[in-house]
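Participant: This is the structure I have questions about; it appears just below.
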Amino acid sequence: MNILIVGNGGREHALAWKITQSPRADRVFVAPGNAGTDYDGENVDIQATDFPALVKFAKENRVGLTVVGPESPLAAGIVDVFEAERLRIFGPTRAAAELEASKVFCKDLLRHADVPTAEYHSFTDPDEAQKFLNDREDVPVVVKADGLAAGKGVVVCTGRDEALQAVDRLARKKEFGTSGDRLVIEERLDGQEASVLAITDGRTIVTLQPAQDHKAALDGGAGPNTGGMGAYCPAPLVDDEMLHWIEERVLVPTVHAMKRARRPFLGVLYAGLMITSQGPKVLEFNVRFGDPECQPLLMRLKTDLLDVLDAAVDKRLDRIGPLQWDPRPAVCVVMASQGYPGHYAKGQPIRGLVDADALPDVKVFHAGTAMRNGEVVAAGGRVLGVTALGENIAKAKLNAYRAVKCIRWPGAWCRKDISDKAMA
Ligand code: AMP
Ligand code: GLY
């Protein structure tokens, strides 16, 4: 079968690398891809949101399954477009992708389904949001723009003044455009975060191993938020008992509630959780694999991923046995360009990739890379996801950083403490 993967980040490289290993995969295309996806698959020069061109390509190249990486094409309805053309595609419809694309929709659904989450209020009028903040006790809150804002539309506030300012920025100044047309103001939760992802066909839920990412730019969790500076799997914070609880109290009721709302959910359901003293609570849902969580997850997955995604599209996930995992943990260290998450330079040639990839139990996933005159160059903020397995978390970390040391380009940097919170 020919496969088309949509996207161009580290997650899509991991998907291409894993799917290529399936004996059932013939050609694996990635649109638009990066230098790494062109190595493990074949790049196609079509943007992830150019649906007519993607449909045409899928038809002309007898693509049997399309797999969508990022949220924006899902929220824009790529699955609806492909299904209308009778093309097989893995991911939620536009209506189901609202679970990530609208925080108000997500919170309302969680409340109805009695899934544990922070107390919240939603607003369409910034005056009312500010009145609400002024009228109540000055407690830590989180102000969130309703729509997609690449993770930046969330402001964690220590007190009222910060929250009033956040309302102003998101809902009046519209720093993230129409995303701020509606707001959620919710109670601030304390604890450690974990990511629990599941593949579902809307009936059966196949839960993946728990993972954790590092969102802050700098060591120890300091600095601005990023797309994720590293990740590891499994997350010891979530033991088997807690994972089971999350399945029963979070994933199952959410999938049922989506069905009742006539938005049956097929795809990856990603629960971003805060593990509080009162147990896990949902911070948000994503409707896709996490990036970089996908990289250590797929490094450990032994089951043929194509079989699983294919079964989900045919709504026969109940016939897929339990997933098989490499018992060894995996750690992914993101190498970034100078300046990221702000403005950064592009175009520097990257050295040492072959040496790093040749190390045992290491895979260098590309994120922001491109080919220029036969050389791999940096072409994004997050450039590489250097991923390694090890007998335990400490050894996986050591293996990943050993590979990082082989790689260099001017201005390259990474956090030095990826996975330390797993060992704390
Ligand atoms: P979200 O996009 O809703 O996951 O928010 C992005 C990040 O903001 C999360 O990963 C948390 O670090 C933080 N966050 C969101 N909601 C809360 C909350 N209620 N309490 C504390 N931190 C939060
Ligand atoms: N790593 C967090 C995300 O993919 O949204």
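Letters A, B, ... go to the chains of the structure tokens in the order shown; residues in each chain start at 1; ligands are counted from 1 in the same order.
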If you count only C-alpha atoms and all ligand atoms, which residues end up within 10 Å of ligand 1, as a PyMOL selection string?
Facilitator: chain A and resi 100+103+117-120+140-157+184-195+213-216+225-228+271-274+276+281-286
Participant: Can you build me a table of segment 76-152 of chain A residues sitting at most 12 Å from segment 288-310 of chain A, with the closest atom pair per residue and its distance in Å to one decimal, using only C-alpha atoms, sorted by chain and residue number, as JSON lines?
Facilitator:
{"residue": "A:Arg88", "atom": "CA", "partner": "A:Asp310", "partner_atom": "CA", "distance": 8.9}
{"residue": "A:Ile89", "atom": "CA", "partner": "A:Asp310", "partner_atom": "CA", "distance": 8.9}
{"residue": "A:Phe90", "atom": "CA", "partner": "A:Leu309", "partner_atom": "CA", "distance": 6.6}
{"residue": "A:Gly91", "atom": "CA", "partner": "A:Arg288", "partner_atom": "CA", "distance": 7.4}
{"residue": "A:Pro92", "atom": "CA", "partner": "A:Arg288", "partner_atom": "CA", "distance": 8.5}
{"residue": "A:Thr93", "atom": "CA", "partner": "A:Arg288", "partner_atom": "CA", "distance": 11.7}
{"residue": "A:Ala96", "atom": "CA", "partner": "A:Arg288", "partner_atom": "CA", "distance": 11.5}
{"residue": "A:Ala97", "atom": "CA", "partner": "A:Arg288", "partner_atom": "CA", "distance": 9.1}
{"residue": "A:Leu99", "atom": "CA", "partner": "A:Arg288", "partner_atom": "CA", "distance": 10.8}
{"residue": "A:Glu100", "atom": "CA", "partner": "A:Arg288", "partner_atom": "CA", "distance": 9.1}
{"residue": "A:Ala101", "atom": "CA", "partner": "A:Arg288", "partner_atom": "CA", "distance": 11.6}
{"residue": "A:Ala150", "atom": "CA", "partner": "A:Asp291", "partner_atom": "CA", "distance": 11.9}
{"residue": "A:Gly151", "atom": "CA", "partner": "A:Asp291", "partner_atom": "CA", "distance": 11.9}
Participant: I want to know what sits within 10 Å of Ala58 of chain A, based on only C-alpha atoms, with residues of the same chain fewer than 3 positions away left out; could you give that as a list in words?
Facilitator: Asn2, Ile3, Leu4, Phe29, Pro52, Ala53, Leu54, Val55, Asn61, Arg62, Val63, Gly64, Leu65, Thr66, Phe82, Leu87 and Arg88 of chain A
Participant: Atoms to include: N, CA and C atoms. Write the selected residues as an mmCIF file, in the first residue's frame.
Facilitator:
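So selection10.cif came out as:
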data_model
loop_
_atom_site.group_PDB
_atom_site.id
_atom_site.type_symbol
_atom_site.label_atom_id
_atom_site.label_comp_id
_atom_site.auth_asym_id
_atom_site.auth_seq_id
_atom_site.Cartn_x
_atom_site.Cartn_y
_atom_site.Cartn_z
ATOM 1 N N ASN A 2 0.496 2.262 -0.765
ATOM 2 C CA ASN A 2 1.201 3.543 -0.692
ATOM 3 C C ASN A 2 0.577 4.397 0.409
ATOM 4 N N ILE A 3 1.427 5.118 1.134
ATOM 5 C CA ILE A 3 0.968 5.922 2.277
ATOM 6 C C ILE A 3 1.358 7.375 2.011
ATOM 7 N N LEU A 4 0.495 8.293 2.445
ATOM 8 C CA LEU A 4 0.822 9.721 2.386
ATOM 9 C C LEU A 4 0.762 10.284 3.810
ATOM 10 N N PHE A 29 5.032 8.559 1.126
ATOM 11 C CA PHE A 29 5.203 9.963 0.716
ATOM 12 C C PHE A 29 4.987 10.877 1.915
ATOM 13 N N PRO A 52 -6.866 20.479 -2.296
ATOM 14 C CA PRO A 52 -7.078 19.994 -3.664
ATOM 15 C C PRO A 52 -5.831 19.303 -4.237
ATOM 16 N N ALA A 53 -4.660 19.870 -3.977
ATOM 17 C CA ALA A 53 -3.426 19.262 -4.498
ATOM 18 C C ALA A 53 -3.136 17.931 -3.802
ATOM 19 N N LEU A 54 -3.437 17.837 -2.514
ATOM 20 C CA LEU A 54 -3.201 16.578 -1.787
ATOM 21 C C LEU A 54 -4.141 15.487 -2.300
ATOM 22 N N VAL A 55 -5.407 15.846 -2.520
ATOM 23 C CA VAL A 55 -6.386 14.883 -3.044
ATOM 24 C C VAL A 55 -5.939 14.379 -4.414
ATOM 25 N N ASN A 61 -1.435 8.741 -7.286
ATOM 26 C CA ASN A 61 -0.365 7.861 -6.822
ATOM 27 C C ASN A 61 -0.903 6.667 -6.031
ATOM 28 N N ARG A 62 -2.158 6.364 -6.214
ATOM 29 C CA ARG A 62 -2.807 5.212 -5.579
ATOM 30 C C ARG A 62 -2.439 5.116 -4.101
ATOM 31 N N VAL A 63 -2.647 6.227 -3.381
ATOM 32 C CA VAL A 63 -2.391 6.248 -1.932
ATOM 33 C C VAL A 63 -3.535 5.504 -1.245
ATOM 34 N N GLY A 64 -3.188 4.478 -0.462
ATOM 35 C CA GLY A 64 -4.203 3.671 0.206
ATOM 36 C C GLY A 64 -4.570 4.200 1.584
ATOM 37 N N LEU A 65 -3.684 5.013 2.151
ATOM 38 C CA LEU A 65 -3.960 5.580 3.476
ATOM 39 C C LEU A 65 -3.186 6.884 3.633
ATOM 40 N N THR A 66 -3.903 7.929 4.078
ATOM 41 C CA THR A 66 -3.260 9.208 4.396
ATOM 42 C C THR A 66 -3.284 9.381 5.910
ATOM 43 N N PHE A 82 -11.131 14.497 2.190
ATOM 44 C CA PHE A 82 -10.666 13.199 1.678
ATOM 45 C C PHE A 82 -11.809 12.182 1.660
ATOM 46 N N LEU A 87 -11.397 8.717 -0.234
ATOM 47 C CA LEU A 87 -9.995 8.410 0.040
ATOM 48 C C LEU A 87 -9.861 8.067 1.517
ATOM 49 N N ARG A 88 -9.099 7.000 1.829
ATOM 50 C CA ARG A 88 -8.950 6.571 3.224
ATOM 51 C C ARG A 88 -7.956 7.482 3.935
#
Participant: Using only C-alpha atoms, determine which residues lie at most 9 Å from Gly69 of chain A, disregarding the query and same-chain residues fewer than 3 positions distant; provide the list as a PDB file with all heavy atoms, in the first residue's frame.
Facilitator:
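This went into around17.pdb:
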ATOM      1  N   ILE A   5       1.862  10.866   4.259  1.00  0.00           N
ATOM      2  CA  ILE A   5       1.891  11.507   5.576  1.00  0.00           C
ATOM      3  C   ILE A   5       1.877  13.014   5.341  1.00  0.00           C
ATOM      4  O   ILE A   5       2.646  13.529   4.522  1.00  0.00           O
ATOM      5  CB  ILE A   5       3.147  11.074   6.363  1.00  0.00           C
ATOM      6  CG1 ILE A   5       3.063   9.564   6.642  1.00  0.00           C
ATOM      7  CG2 ILE A   5       3.288  11.859   7.667  1.00  0.00           C
ATOM      8  CD1 ILE A   5       4.351   8.955   7.122  1.00  0.00           C
ATOM      9  N   VAL A   6       1.009  13.715   6.058  1.00  0.00           N
ATOM     10  CA  VAL A   6       0.866  15.161   5.862  1.00  0.00           C
ATOM     11  C   VAL A   6       1.534  15.891   7.026  1.00  0.00           C
ATOM     12  O   VAL A   6       1.198  15.635   8.188  1.00  0.00           O
ATOM     13  CB  VAL A   6      -0.624  15.550   5.763  1.00  0.00           C
ATOM     14  CG1 VAL A   6      -0.788  17.055   5.651  1.00  0.00           C
ATOM     15  CG2 VAL A   6      -1.275  14.843   4.570  1.00  0.00           C
ATOM     16  N   GLY A   7       2.486  16.786   6.712  1.00  0.00           N
ATOM     17  CA  GLY A   7       3.174  17.567   7.739  1.00  0.00           C
ATOM     18  C   GLY A   7       4.663  17.647   7.444  1.00  0.00           C
ATOM     19  O   GLY A   7       5.143  17.072   6.452  1.00  0.00           O
ATOM     20  N   ASN A   8       5.411  18.340   8.292  1.00  0.00           N
ATOM     21  CA  ASN A   8       6.842  18.506   7.999  1.00  0.00           C
ATOM     22  C   ASN A   8       7.728  18.575   9.244  1.00  0.00           C
ATOM     23  O   ASN A   8       8.833  19.088   9.187  1.00  0.00           O
ATOM     24  CB  ASN A   8       7.067  19.754   7.138  1.00  0.00           C
ATOM     25  CG  ASN A   8       6.701  21.026   7.884  1.00  0.00           C
ATOM     26  OD1 ASN A   8       6.115  20.969   8.967  1.00  0.00           O
ATOM     27  ND2 ASN A   8       7.042  22.164   7.330  1.00  0.00           N
ATOM     28  N   GLY A   9       7.243  18.057  10.379  1.00  0.00           N
ATOM     29  CA  GLY A   9       8.030  18.179  11.610  1.00  0.00           C
ATOM     30  C   GLY A   9       8.676  16.871  12.038  1.00  0.00           C
ATOM     31  O   GLY A   9       8.727  15.900  11.287  1.00  0.00           O
ATOM     32  N   ARG A  11       7.552  14.894  14.348  1.00  0.00           N
ATOM     33  CA  ARG A  11       6.493  13.886  14.455  1.00  0.00           C
ATOM     34  C   ARG A  11       6.296  13.166  13.121  1.00  0.00           C
ATOM     35  O   ARG A  11       6.202  11.940  13.065  1.00  0.00           O
ATOM     36  CB  ARG A  11       5.202  14.604  14.870  1.00  0.00           C
ATOM     37  CG  ARG A  11       3.931  13.821  14.627  1.00  0.00           C
ATOM     38  CD  ARG A  11       2.716  14.681  14.992  1.00  0.00           C
ATOM     39  NE  ARG A  11       2.785  15.998  14.401  1.00  0.00           N
ATOM     40  CZ  ARG A  11       2.292  17.108  14.951  1.00  0.00           C
ATOM     41  NH1 ARG A  11       1.651  17.061  16.084  1.00  0.00           N
ATOM     42  NH2 ARG A  11       2.415  18.258  14.345  1.00  0.00           N
ATOM     43  N   GLU A  12       6.287  13.930  12.028  1.00  0.00           N
ATOM     44  CA  GLU A  12       6.044  13.321  10.720  1.00  0.00           C
ATOM     45  C   GLU A  12       7.239  12.475  10.290  1.00  0.00           C
ATOM     46  O   GLU A  12       7.064  11.446   9.626  1.00  0.00           O
ATOM     47  CB  GLU A  12       5.723  14.401   9.687  1.00  0.00           C
ATOM     48  CG  GLU A  12       4.344  15.034   9.881  1.00  0.00           C
ATOM     49  CD  GLU A  12       4.256  16.003  11.051  1.00  0.00           C
ATOM     50  OE1 GLU A  12       5.311  16.569  11.433  1.00  0.00           O
ATOM     51  OE2 GLU A  12       3.147  16.198  11.593  1.00  0.00           O
ATOM     52  N   LEU A  15       6.789   9.247  12.127  1.00  0.00           N
ATOM     53  CA  LEU A  15       5.717   8.463  11.489  1.00  0.00           C
ATOM     54  C   LEU A  15       6.221   7.798  10.208  1.00  0.00           C
ATOM     55  O   LEU A  15       5.970   6.611   9.964  1.00  0.00           O
ATOM     56  CB  LEU A  15       4.505   9.364  11.168  1.00  0.00           C
ATOM     57  CG  LEU A  15       3.668   9.804  12.373  1.00  0.00           C
ATOM     58  CD1 LEU A  15       2.711  10.942  11.979  1.00  0.00           C
ATOM     59  CD2 LEU A  15       2.880   8.622  12.946  1.00  0.00           C
ATOM     60  N   PRO A  73      -4.403  21.297   9.517  1.00  0.00           N
ATOM     61  CA  PRO A  73      -5.224  20.709   8.451  1.00  0.00           C
ATOM     62  C   PRO A  73      -6.436  19.950   8.997  1.00  0.00           C
ATOM     63  O   PRO A  73      -7.496  19.927   8.347  1.00  0.00           O
ATOM     64  CB  PRO A  73      -4.266  19.767   7.708  1.00  0.00           C
ATOM     65  CG  PRO A  73      -3.027  19.685   8.505  1.00  0.00           C
ATOM     66  CD  PRO A  73      -2.998  20.818   9.459  1.00  0.00           C
ATOM     67  N   LEU A  74      -6.311  19.342  10.169  1.00  0.00           N
ATOM     68  CA  LEU A  74      -7.455  18.627  10.755  1.00  0.00           C
ATOM     69  C   LEU A  74      -8.567  19.607  11.098  1.00  0.00           C
ATOM     70  O   LEU A  74      -9.740  19.392  10.772  1.00  0.00           O
ATOM     71  CB  LEU A  74      -7.016  17.861  12.008  1.00  0.00           C
ATOM     72  CG  LEU A  74      -6.048  16.699  11.760  1.00  0.00           C
ATOM     73  CD1 LEU A  74      -5.440  16.218  13.066  1.00  0.00           C
ATOM     74  CD2 LEU A  74      -6.758  15.547  11.046  1.00  0.00           C
ATOM     75  N   GLY A  91      -7.553  10.278  10.967  1.00  0.00           N
ATOM     76  CA  GLY A  91      -7.595  11.535  11.715  1.00  0.00           C
ATOM     77  C   GLY A  91      -9.048  11.892  11.965  1.00  0.00           C
ATOM     78  O   GLY A  91      -9.951  11.317  11.356  1.00  0.00           O
ATOM     79  N   ARG A 288      -4.195  14.664  17.780  1.00  0.00           N
ATOM     80  CA  ARG A 288      -3.087  14.238  16.917  1.00  0.00           C
ATOM     81  C   ARG A 288      -1.971  13.740  17.822  1.00  0.00           C
ATOM     82  O   ARG A 288      -2.029  13.911  19.038  1.00  0.00           O
ATOM     83  CB  ARG A 288      -2.598  15.452  16.139  1.00  0.00           C
ATOM     84  CG  ARG A 288      -2.382  16.588  17.173  1.00  0.00           C
ATOM     85  CD  ARG A 288      -1.708  17.804  16.698  1.00  0.00           C
ATOM     86  NE  ARG A 288      -1.692  18.820  17.719  1.00  0.00           N
ATOM     87  CZ  ARG A 288      -0.820  18.910  18.711  1.00  0.00           C
ATOM     88  NH1 ARG A 288       0.136  18.015  18.832  1.00  0.00           N
ATOM     89  NH2 ARG A 288      -0.881  19.880  19.608  1.00  0.00           N
ATOM     90  N   PHE A 289      -0.939  13.139  17.227  1.00  0.00           N
ATOM     91  CA  PHE A 289       0.246  12.783  18.014  1.00  0.00           C
ATOM     92  C   PHE A 289       0.911  14.058  18.517  1.00  0.00           C
ATOM     93  O   PHE A 289       0.910  15.086  17.832  1.00  0.00           O
ATOM     94  CB  PHE A 289       1.253  12.018  17.160  1.00  0.00           C
ATOM     95  CG  PHE A 289       0.891  10.580  16.904  1.00  0.00           C
ATOM     96  CD1 PHE A 289       0.422  10.177  15.667  1.00  0.00           C
ATOM     97  CD2 PHE A 289       1.031   9.623  17.906  1.00  0.00           C
ATOM     98  CE1 PHE A 289       0.097   8.851  15.425  1.00  0.00           C
ATOM     99  CE2 PHE A 289       0.712   8.300  17.673  1.00  0.00           C
ATOM    100  CZ  PHE A 289       0.243   7.912  16.421  1.00  0.00           C
ATOM    101  N   GLY A 290       1.531  14.007  19.699  1.00  0.00           N
ATOM    102  CA  GLY A 290       2.294  15.142  20.210  1.00  0.00           C
ATOM    103  C   GLY A 290       3.646  15.202  19.530  1.00  0.00           C
ATOM    104  O   GLY A 290       4.185  14.187  19.090  1.00  0.00           O
TER     105      GLY A 290
END
Participant: Record the distance separating atom CA of Cys332 of chain A and atom CA of Ala231 of chain A, expressed in Å with one decimal.
Facilitator: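 Between atom CA of Cys332 of chain A and atom CA of Ala231 of chain A the gap works out to 5.2 Å.
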Participant: Considering only C-alpha atoms and all ligand atoms, can you say which of A:Leu133, A:Val287, A:Ile78, A:Ala48 comes closest to ligand 2?
Facilitator: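 Of the candidates, the smallest distance to ligand 2 is held by A:Val287.
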Participant: Hey, which of A:Arg182, A:His256, A:Lys59, A:Lys363 ends up closest to Asp125 of chain A? Count only C-alpha atoms.
Facilitator: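 Looking only at the distances to Asp125 of chain A, the closest residue turns out to be A:Arg182.
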Participant: So that I can check the surroundings of Ala76 of chain A, please list as a count of residues only every protein, DNA and RNA residue that reaches within 8 Å of it, counting only C-alpha atoms and ignoring chain neighbours fewer than 3 positions away.
Facilitator: 4
